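Chemist: Take a look at the following structure, please.
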Amino acid sequence: MDGTPGMVVAGAGECGVRAAFELREAGWTGPVTLVGAENALPYERPPLSKSVLAEPEGAREPPALCEDRALQDAGIEFLAGATVTGIDRDRHQAVLADGRRIPYQRLLLATGANARRLPLAGVDAGGVRYLRSRADAIVLRDRLRPGARIGVIGAGFIGLELAAAAAARGCAVTVIEAAPRPMSRAVPADLAATVADRHRQAGVDLRCGQGVERLVRRNGALLLELAGGETAEYDTVVAGVGAVPETALAEKAGLAVENGVRVDDRLTTSDPDIFAAGDCCSFPHPLYGGRRIRLEAWRNARDQGRAAARNMLGDDRPYAAVPWFWSDQFDLTLQIAGLTDAAARAVVRARPDGVRIRFGLEADGRLLSAAAVGPGNSVAKDIRLAELLIARRAAPDPAALGDPAIPLKTLLRQAPS
């Protein structure tokens, strides 16, 4: 830090790291400072609930997003174990927890999200575990031993991925979900049912429509009291009940907040010299009528980090990437392009291999979403083609869309470019 105002990125996850390197690739030659709270090189977070847990102790670390040499070669000053705790907007300075001040021309908030805490009696004393960081994953991995009784609260992506990893390690796994079905917010019911069946085949006790009232310790174990009066005992209880955007820094600085740091379609906050991207921000999406959304997804973090970096340098381009999600559970992969809850009607393509692709259409016929689950990488190509159709605002013939004999590539060639 030589005192010259440069580009400062608060947060060294997928979003922040991609933004820092994109600044260099876009031609910025001034200072770039990347600030990361963890005292380690930036790493990929999706494996935390998948391969890092599924492998035996010490066998797998989350892959690094970049090596120290790459940061040095790019001229990125990486401050590990540091946190931006304040923003002096008048002086254009990011204030670190230790009192250091970093001058900025533009500042990017890539602060991510934190695990949502359970509002239950007894939680603080009961030792509920959460999964958000490498340290969290290592602690959990050590507890996933054959025969261990693992209780998972929440049947969203994280909860089910964790359950799959625990079952693969030989644990006795129970998943408790208050909603009537798993993954109810983002995944169509028929696809969620396919995933739920696979969990049950693997021995996972999946209980939906059951809330948790209280958690207490008893003889070294954890006792969950369910809403209906039933009790269940576990060696480890993990909560996967969603995430809360990290907005404390933005709020303290007086920036607009609305289900995350509020940004416009250029990812600019209410301060024109401060941007926000990734899990921490909400933004209007042009493919969905300007609907304001917040996405907790690896690809969105990557793409928004790059887009924000370009706009920090004056590119002035709206962010319009199609939302994309994926989850690996046992031998199945679930992929979704677009927002499934925006559709007015559905068309299902039943492929000869048994995979069903559910397309969501607007009332006027425009394609808004596509979702499928299948073994391995079997759904990736079709979901990618659907993603391209969504991006083009295509309105394919519903009969052709549902006909597995007509390749989606043919529909793409017929769509407006």
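Going by the structure tokens order, chains are called A, B, ..., each with residues numbered from 1, while ligands are numbered from 1 in the order shown.
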Could you pull out the strand (DSSP E) residues of region 306-389 of chain A, going by DSSP on the backbone, and write them as a PyMOL selection string?
Modeler: chain A and resi 324-329+332-338+345-350+356-361+367-375
Chemist: Counting only C-alpha atoms, what is within 12 Å of Ala248 (chain A), bar same-chain residues fewer than 6 positions away, as a ChimeraX atom specification?
Modeler: /A:84-87,109,111-114,254-257,260-261,280
Chemist: With N, CA and C atoms retained, write the just-selected residues as an mmCIF file, in the first residue's frame.
Modeler:
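Here's the written file result_32.cif:
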data_model
loop_
_atom_site.group_PDB
_atom_site.id
_atom_site.type_symbol
_atom_site.label_atom_id
_atom_site.label_comp_id
_atom_site.auth_asym_id
_atom_site.auth_seq_id
_atom_site.Cartn_x
_atom_site.Cartn_y
_atom_site.Cartn_z
ATOM 1 N N VAL A 84 -12.115 -5.659 6.072
ATOM 2 C CA VAL A 84 -12.551 -4.273 5.946
ATOM 3 C C VAL A 84 -13.732 -4.079 6.894
ATOM 4 N N THR A 85 -13.562 -3.217 7.887
ATOM 5 C CA THR A 85 -14.619 -2.999 8.882
ATOM 6 C C THR A 85 -15.286 -1.637 8.754
ATOM 7 N N GLY A 86 -14.742 -0.786 7.899
ATOM 8 C CA GLY A 86 -15.341 0.527 7.720
ATOM 9 C C GLY A 86 -14.973 1.123 6.377
ATOM 10 N N ILE A 87 -15.800 2.041 5.912
ATOM 11 C CA ILE A 87 -15.547 2.743 4.654
ATOM 12 C C ILE A 87 -15.657 4.238 4.927
ATOM 13 N N LEU A 109 -17.446 -4.526 -2.941
ATOM 14 C CA LEU A 109 -17.859 -5.347 -1.809
ATOM 15 C C LEU A 109 -18.200 -6.733 -2.331
ATOM 16 N N THR A 111 -18.402 -9.470 -0.108
ATOM 17 C CA THR A 111 -18.368 -9.980 1.262
ATOM 18 C C THR A 111 -19.158 -11.264 1.457
ATOM 19 N N GLY A 112 -19.895 -11.701 0.441
ATOM 20 C CA GLY A 112 -20.547 -12.998 0.512
ATOM 21 C C GLY A 112 -21.725 -13.046 1.467
ATOM 22 N N ALA A 113 -21.930 -14.216 2.045
ATOM 23 C CA ALA A 113 -23.049 -14.442 2.950
ATOM 24 C C ALA A 113 -22.595 -15.336 4.093
ATOM 25 N N ASN A 114 -23.344 -15.300 5.178
ATOM 26 C CA ASN A 114 -23.070 -16.132 6.339
ATOM 27 C C ASN A 114 -24.192 -17.141 6.534
ATOM 28 N N GLY A 254 -23.663 3.495 5.269
ATOM 29 C CA GLY A 254 -24.837 4.226 4.807
ATOM 30 C C GLY A 254 -25.271 3.888 3.397
ATOM 31 N N LEU A 255 -24.869 2.733 2.878
ATOM 32 C CA LEU A 255 -25.281 2.321 1.542
ATOM 33 C C LEU A 255 -26.667 1.684 1.599
ATOM 34 N N ALA A 256 -27.387 1.736 0.502
ATOM 35 C CA ALA A 256 -28.726 1.157 0.444
ATOM 36 C C ALA A 256 -28.636 -0.365 0.537
ATOM 37 N N VAL A 257 -29.530 -0.941 1.329
ATOM 38 C CA VAL A 257 -29.577 -2.391 1.532
ATOM 39 C C VAL A 257 -31.011 -2.872 1.324
ATOM 40 N N GLY A 260 -29.770 -7.749 0.840
ATOM 41 C CA GLY A 260 -28.400 -7.669 0.367
ATOM 42 C C GLY A 260 -28.066 -6.228 0.041
ATOM 43 N N VAL A 261 -26.835 -5.987 -0.318
ATOM 44 C CA VAL A 261 -26.438 -4.645 -0.732
ATOM 45 C C VAL A 261 -27.157 -4.337 -2.044
ATOM 46 N N CYS A 280 -23.595 -11.279 -1.687
ATOM 47 C CA CYS A 280 -23.958 -10.196 -0.775
ATOM 48 C C CYS A 280 -24.910 -9.183 -1.384
#
Chemist: Using 10 Å as the limit and counting only C-alpha atoms, can you tabulate each residue of region 186-262 of chain A that touches region 291-301 of chain A, with its shortest atom-to-atom distance in Å and the two atoms involved, as a tab-separated table?
Modeler:
residue	atom	partner	partner_atom	distance
A:Gly242	CA	A:Glu296	CA	9.4
A:Ala243	CA	A:Glu296	CA	8.1
A:Val244	CA	A:Glu296	CA	9.7
A:Pro245	CA	A:Arg294	CA	8.9
A:Glu258	CA	A:Arg292	CA	9.1
A:Asn259	CA	A:Arg294	CA	7.2
A:Gly260	CA	A:Arg294	CA	7.1
A:Val261	CA	A:Arg294	CA	9.4
A:Arg262	CA	A:Arg292	CA	9.0
Chemist: Taking C-alpha atoms for each residue, export the selection above as a PDB file, in the first residue's frame.
Modeler:
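File written: part37.pdb
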ATOM      1  CA  GLY A 242     -29.953 -20.927   4.188  1.00  0.00           C
ATOM      2  CA  ALA A 243     -27.630 -17.962   4.190  1.00  0.00           C
ATOM      3  CA  VAL A 244     -27.819 -14.309   5.161  1.00  0.00           C
ATOM      4  CA  PRO A 245     -26.036 -11.708   2.995  1.00  0.00           C
ATOM      5  CA  GLU A 258     -32.485  -4.517   0.261  1.00  0.00           C
ATOM      6  CA  ASN A 259     -32.119  -8.269   0.741  1.00  0.00           C
ATOM      7  CA  GLY A 260     -28.400  -7.669   0.367  1.00  0.00           C
ATOM      8  CA  VAL A 261     -26.438  -4.645  -0.732  1.00  0.00           C
ATOM      9  CA  ARG A 262     -28.699  -2.939  -3.260  1.00  0.00           C
TER      10      ARG A 262
END
Chemist: Using only C-alpha atoms, which protein or nucleic acid residues come within 8 Å of region 197-202 of chain A? Drop anything in the same chain fewer than 2 positions from it, and give the result as a PyMOL selection string.
Modeler: chain A and resi 164+167+193-195+204-206+330
Chemist: Write the selection just made, keeping N, CA and C atoms, as a PDB file, in the first residue's frame?
Modeler:
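To be explicit, this is the file written out as again-v8.pdb:
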ATOM      1  N   ALA A 164     -25.589 -36.460   1.830  1.00  0.00           N
ATOM      2  CA  ALA A 164     -25.046 -37.438   0.885  1.00  0.00           C
ATOM      3  C   ALA A 164     -23.610 -37.802   1.239  1.00  0.00           C
ATOM      4  N   ALA A 167     -23.655 -39.980   4.415  1.00  0.00           N
ATOM      5  CA  ALA A 167     -24.108 -41.338   4.130  1.00  0.00           C
ATOM      6  C   ALA A 167     -23.023 -42.138   3.415  1.00  0.00           C
ATOM      7  N   ALA A 193     -38.336 -34.832  -5.940  1.00  0.00           N
ATOM      8  CA  ALA A 193     -38.740 -36.174  -5.534  1.00  0.00           C
ATOM      9  C   ALA A 193     -37.723 -37.217  -5.993  1.00  0.00           C
ATOM     10  N   THR A 194     -37.151 -37.026  -7.183  1.00  0.00           N
ATOM     11  CA  THR A 194     -36.113 -37.937  -7.670  1.00  0.00           C
ATOM     12  C   THR A 194     -34.905 -37.929  -6.754  1.00  0.00           C
ATOM     13  N   VAL A 195     -34.492 -36.735  -6.350  1.00  0.00           N
ATOM     14  CA  VAL A 195     -33.346 -36.613  -5.448  1.00  0.00           C
ATOM     15  C   VAL A 195     -33.680 -37.215  -4.084  1.00  0.00           C
ATOM     16  N   VAL A 204     -30.720 -42.652   3.921  1.00  0.00           N
ATOM     17  CA  VAL A 204     -30.964 -41.393   4.610  1.00  0.00           C
ATOM     18  C   VAL A 204     -32.423 -41.337   5.044  1.00  0.00           C
ATOM     19  N   ASP A 205     -32.634 -41.015   6.328  1.00  0.00           N
ATOM     20  CA  ASP A 205     -33.983 -40.848   6.866  1.00  0.00           C
ATOM     21  C   ASP A 205     -34.401 -39.397   6.610  1.00  0.00           C
ATOM     22  N   LEU A 206     -35.167 -39.186   5.558  1.00  0.00           N
ATOM     23  CA  LEU A 206     -35.565 -37.838   5.143  1.00  0.00           C
ATOM     24  C   LEU A 206     -36.973 -37.554   5.648  1.00  0.00           C
ATOM     25  N   PHE A 330     -24.775 -37.935  -4.253  1.00  0.00           N
ATOM     26  CA  PHE A 330     -24.522 -39.324  -4.630  1.00  0.00           C
ATOM     27  C   PHE A 330     -24.063 -39.360  -6.082  1.00  0.00           C
TER      28      PHE A 330
END
Chemist: Need the shell around Val17 (chain A): protein/DNA/RNA residues with any atom at most 12 Å away, counting only C-alpha atoms. Skip same-chain ones fewer than 4 positions apart. Format as an MDAnalysis selection string?
Modeler: chainID A and resid 8:13 21:24 32:36 41:44 64:67 70:71 74 76:78 108:111 277:278 301:306 308:309
Chemist: Skipping near chain neighbours, those fewer than 5 positions away, what residues fall within 12 Å of Ala395 (chain A) using only C-alpha atoms, listed as a PyMOL selection string?
Modeler: chain A and resi 359-369+386+388-390+400-401+411-412+414-416
Chemist: Keeping only all heavy atoms, write the selected residues to a file as a short mmCIF file (atom, residue, chain, number, x, y, z; two decimals), in the first residue's frame.
Modeler:
data_model
loop_
_atom_site.label_atom_id
_atom_site.label_comp_id
_atom_site.auth_asym_id
_atom_site.auth_seq_id
_atom_site.Cartn_x
_atom_site.Cartn_y
_atom_site.Cartn_z
N PHE A 359 -39.08 -27.57 -18.53
CA PHE A 359 -38.92 -26.21 -19.03
C PHE A 359 -40.02 -25.34 -18.45
O PHE A 359 -41.20 -25.74 -18.41
CB PHE A 359 -38.99 -26.18 -20.55
CG PHE A 359 -37.92 -26.98 -21.24
CD1 PHE A 359 -38.18 -28.24 -21.74
CD2 PHE A 359 -36.64 -26.46 -21.38
CE1 PHE A 359 -37.21 -28.98 -22.37
CE2 PHE A 359 -35.65 -27.20 -22.00
CZ PHE A 359 -35.92 -28.47 -22.50
N GLY A 360 -39.67 -24.13 -18.04
CA GLY A 360 -40.64 -23.17 -17.56
C GLY A 360 -40.83 -22.06 -18.57
O GLY A 360 -39.85 -21.47 -19.05
N LEU A 361 -42.10 -21.77 -18.92
CA LEU A 361 -42.40 -20.78 -19.95
C LEU A 361 -43.18 -19.61 -19.36
O LEU A 361 -44.00 -19.79 -18.45
CB LEU A 361 -43.21 -21.41 -21.07
CG LEU A 361 -42.64 -22.64 -21.78
CD1 LEU A 361 -43.60 -23.12 -22.85
CD2 LEU A 361 -41.27 -22.33 -22.37
N GLU A 362 -42.94 -18.43 -19.90
CA GLU A 362 -43.75 -17.27 -19.61
C GLU A 362 -45.10 -17.45 -20.29
O GLU A 362 -45.26 -18.29 -21.18
CB GLU A 362 -43.02 -16.02 -20.13
CG GLU A 362 -43.72 -14.69 -19.93
CD GLU A 362 -43.94 -14.33 -18.49
OE1 GLU A 362 -44.91 -14.88 -17.94
OE2 GLU A 362 -43.18 -13.52 -17.95
N ALA A 363 -46.09 -16.64 -19.90
CA ALA A 363 -47.42 -16.74 -20.51
C ALA A 363 -47.37 -16.53 -22.02
O ALA A 363 -48.16 -17.11 -22.77
CB ALA A 363 -48.37 -15.75 -19.86
N ASP A 364 -46.42 -15.70 -22.48
CA ASP A 364 -46.30 -15.44 -23.92
C ASP A 364 -45.46 -16.49 -24.65
O ASP A 364 -45.19 -16.36 -25.84
CB ASP A 364 -45.73 -14.04 -24.16
CG ASP A 364 -44.32 -13.88 -23.62
OD1 ASP A 364 -43.74 -14.86 -23.10
OD2 ASP A 364 -43.78 -12.75 -23.68
N GLY A 365 -45.01 -17.52 -23.94
CA GLY A 365 -44.25 -18.59 -24.56
C GLY A 365 -42.76 -18.48 -24.43
O GLY A 365 -42.02 -19.40 -24.81
N ARG A 366 -42.26 -17.36 -23.90
CA ARG A 366 -40.80 -17.21 -23.78
C ARG A 366 -40.25 -18.18 -22.75
O ARG A 366 -40.84 -18.39 -21.68
CB ARG A 366 -40.46 -15.77 -23.39
CG ARG A 366 -38.96 -15.48 -23.33
CD ARG A 366 -38.70 -13.98 -23.32
NE ARG A 366 -39.21 -13.34 -22.12
CZ ARG A 366 -38.50 -13.18 -20.99
NH1 ARG A 366 -37.25 -13.63 -20.93
NH2 ARG A 366 -39.02 -12.56 -19.95
N LEU A 367 -39.12 -18.79 -23.07
CA LEU A 367 -38.48 -19.75 -22.17
C LEU A 367 -37.81 -19.01 -21.01
O LEU A 367 -37.01 -18.09 -21.23
CB LEU A 367 -37.45 -20.58 -22.93
CG LEU A 367 -36.75 -21.69 -22.14
CD1 LEU A 367 -37.75 -22.73 -21.65
CD2 LEU A 367 -35.67 -22.35 -23.00
N LEU A 368 -38.14 -19.40 -19.78
CA LEU A 368 -37.61 -18.74 -18.59
C LEU A 368 -36.68 -19.63 -17.77
O LEU A 368 -35.81 -19.13 -17.06
CB LEU A 368 -38.75 -18.27 -17.69
CG LEU A 368 -39.70 -17.22 -18.26
CD1 LEU A 368 -40.77 -16.88 -17.22
CD2 LEU A 368 -38.95 -15.96 -18.68
N SER A 369 -36.87 -20.95 -17.85
CA SER A 369 -36.06 -21.83 -17.02
C SER A 369 -36.02 -23.24 -17.60
O SER A 369 -36.85 -23.62 -18.43
CB SER A 369 -36.62 -21.89 -15.59
OG SER A 369 -37.90 -22.51 -15.56
N ALA A 386 -30.39 -24.96 -23.20
CA ALA A 386 -31.55 -24.22 -22.70
C ALA A 386 -31.13 -22.85 -22.17
O ALA A 386 -31.84 -21.85 -22.36
CB ALA A 386 -32.24 -25.03 -21.61
N LEU A 388 -28.75 -21.00 -23.26
CA LEU A 388 -28.54 -20.13 -24.40
C LEU A 388 -29.88 -19.66 -24.98
O LEU A 388 -30.02 -18.50 -25.40
CB LEU A 388 -27.73 -20.86 -25.47
CG LEU A 388 -26.29 -21.21 -25.09
CD1 LEU A 388 -25.64 -22.09 -26.15
CD2 LEU A 388 -25.46 -19.96 -24.86
N LEU A 389 -30.87 -20.55 -24.99
CA LEU A 389 -32.21 -20.15 -25.46
C LEU A 389 -32.81 -19.09 -24.55
O LEU A 389 -33.43 -18.13 -25.01
CB LEU A 389 -33.12 -21.38 -25.51
CG LEU A 389 -32.90 -22.36 -26.66
CD1 LEU A 389 -33.60 -23.69 -26.39
CD2 LEU A 389 -33.37 -21.76 -27.98
N ILE A 390 -32.64 -19.26 -23.24
CA ILE A 390 -33.16 -18.27 -22.29
C ILE A 390 -32.50 -16.93 -22.51
O ILE A 390 -33.16 -15.87 -22.52
CB ILE A 390 -32.94 -18.76 -20.84
CG1 ILE A 390 -33.75 -20.03 -20.57
CG2 ILE A 390 -33.33 -17.67 -19.84
CD1 ILE A 390 -33.38 -20.73 -19.28
N ALA A 400 -42.30 -28.81 -29.87
CA ALA A 400 -40.92 -29.15 -30.22
C ALA A 400 -40.05 -29.20 -28.97
O ALA A 400 -39.16 -30.05 -28.84
CB ALA A 400 -40.37 -28.13 -31.21
N LEU A 401 -40.32 -28.31 -28.03
CA LEU A 401 -39.56 -28.27 -26.79
C LEU A 401 -39.74 -29.57 -26.00
O LEU A 401 -38.80 -30.06 -25.37
CB LEU A 401 -40.00 -27.07 -25.96
CG LEU A 401 -39.08 -26.57 -24.85
CD1 LEU A 401 -37.72 -26.16 -25.41
CD2 LEU A 401 -39.73 -25.39 -24.13
N LEU A 411 -33.52 -26.09 -32.08
CA LEU A 411 -34.32 -24.96 -31.60
C LEU A 411 -33.45 -23.72 -31.40
O LEU A 411 -33.91 -22.60 -31.65
CB LEU A 411 -35.01 -25.33 -30.29
CG LEU A 411 -35.95 -26.54 -30.35
CD1 LEU A 411 -36.64 -26.75 -29.00
CD2 LEU A 411 -37.00 -26.38 -31.44
N LEU A 412 -32.21 -23.93 -30.99
CA LEU A 412 -31.30 -22.81 -30.80
C LEU A 412 -30.97 -22.15 -32.13
O LEU A 412 -30.90 -20.91 -32.23
CB LEU A 412 -30.03 -23.28 -30.10
CG LEU A 412 -29.02 -22.19 -29.73
CD1 LEU A 412 -29.60 -21.20 -28.74
CD2 LEU A 412 -27.75 -22.83 -29.16
N GLN A 414 -32.89 -21.94 -34.59
CA GLN A 414 -34.07 -21.21 -35.05
C GLN A 414 -34.35 -19.96 -34.22
O GLN A 414 -35.19 -19.14 -34.61
CB GLN A 414 -35.29 -22.14 -34.98
CG GLN A 414 -35.18 -23.36 -35.89
CD GLN A 414 -36.26 -24.40 -35.61
OE1 GLN A 414 -37.03 -24.25 -34.66
NE2 GLN A 414 -36.34 -25.43 -36.45
N ALA A 415 -33.68 -19.83 -33.09
CA ALA A 415 -33.95 -18.72 -32.17
C ALA A 415 -33.26 -17.45 -32.63
O ALA A 415 -32.24 -17.50 -33.34
CB ALA A 415 -33.47 -19.09 -30.77
N PRO A 416 -33.79 -16.29 -32.26
CA PRO A 416 -33.11 -15.02 -32.60
C PRO A 416 -31.74 -14.95 -31.93
O PRO A 416 -31.58 -15.44 -30.81
CB PRO A 416 -34.05 -13.95 -32.05
CG PRO A 416 -34.85 -14.65 -31.01
CD PRO A 416 -35.02 -16.05 -31.49
#
Chemist: For a test of reading the model, state the distance in Å between CA of Ile274 (chain A) and CA of Arg106 (chain A), rounded to one decimal.
Modeler: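 About the pair CA of Ile274 (chain A) and CA of Arg106 (chain A): they are 5.8 Å apart.
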Chemist: One decimal, Å: what's the distance from CA of Gly6 (chain A) over to CA of Asp90 (chain A), could you say?
Modeler: 15.5 Å
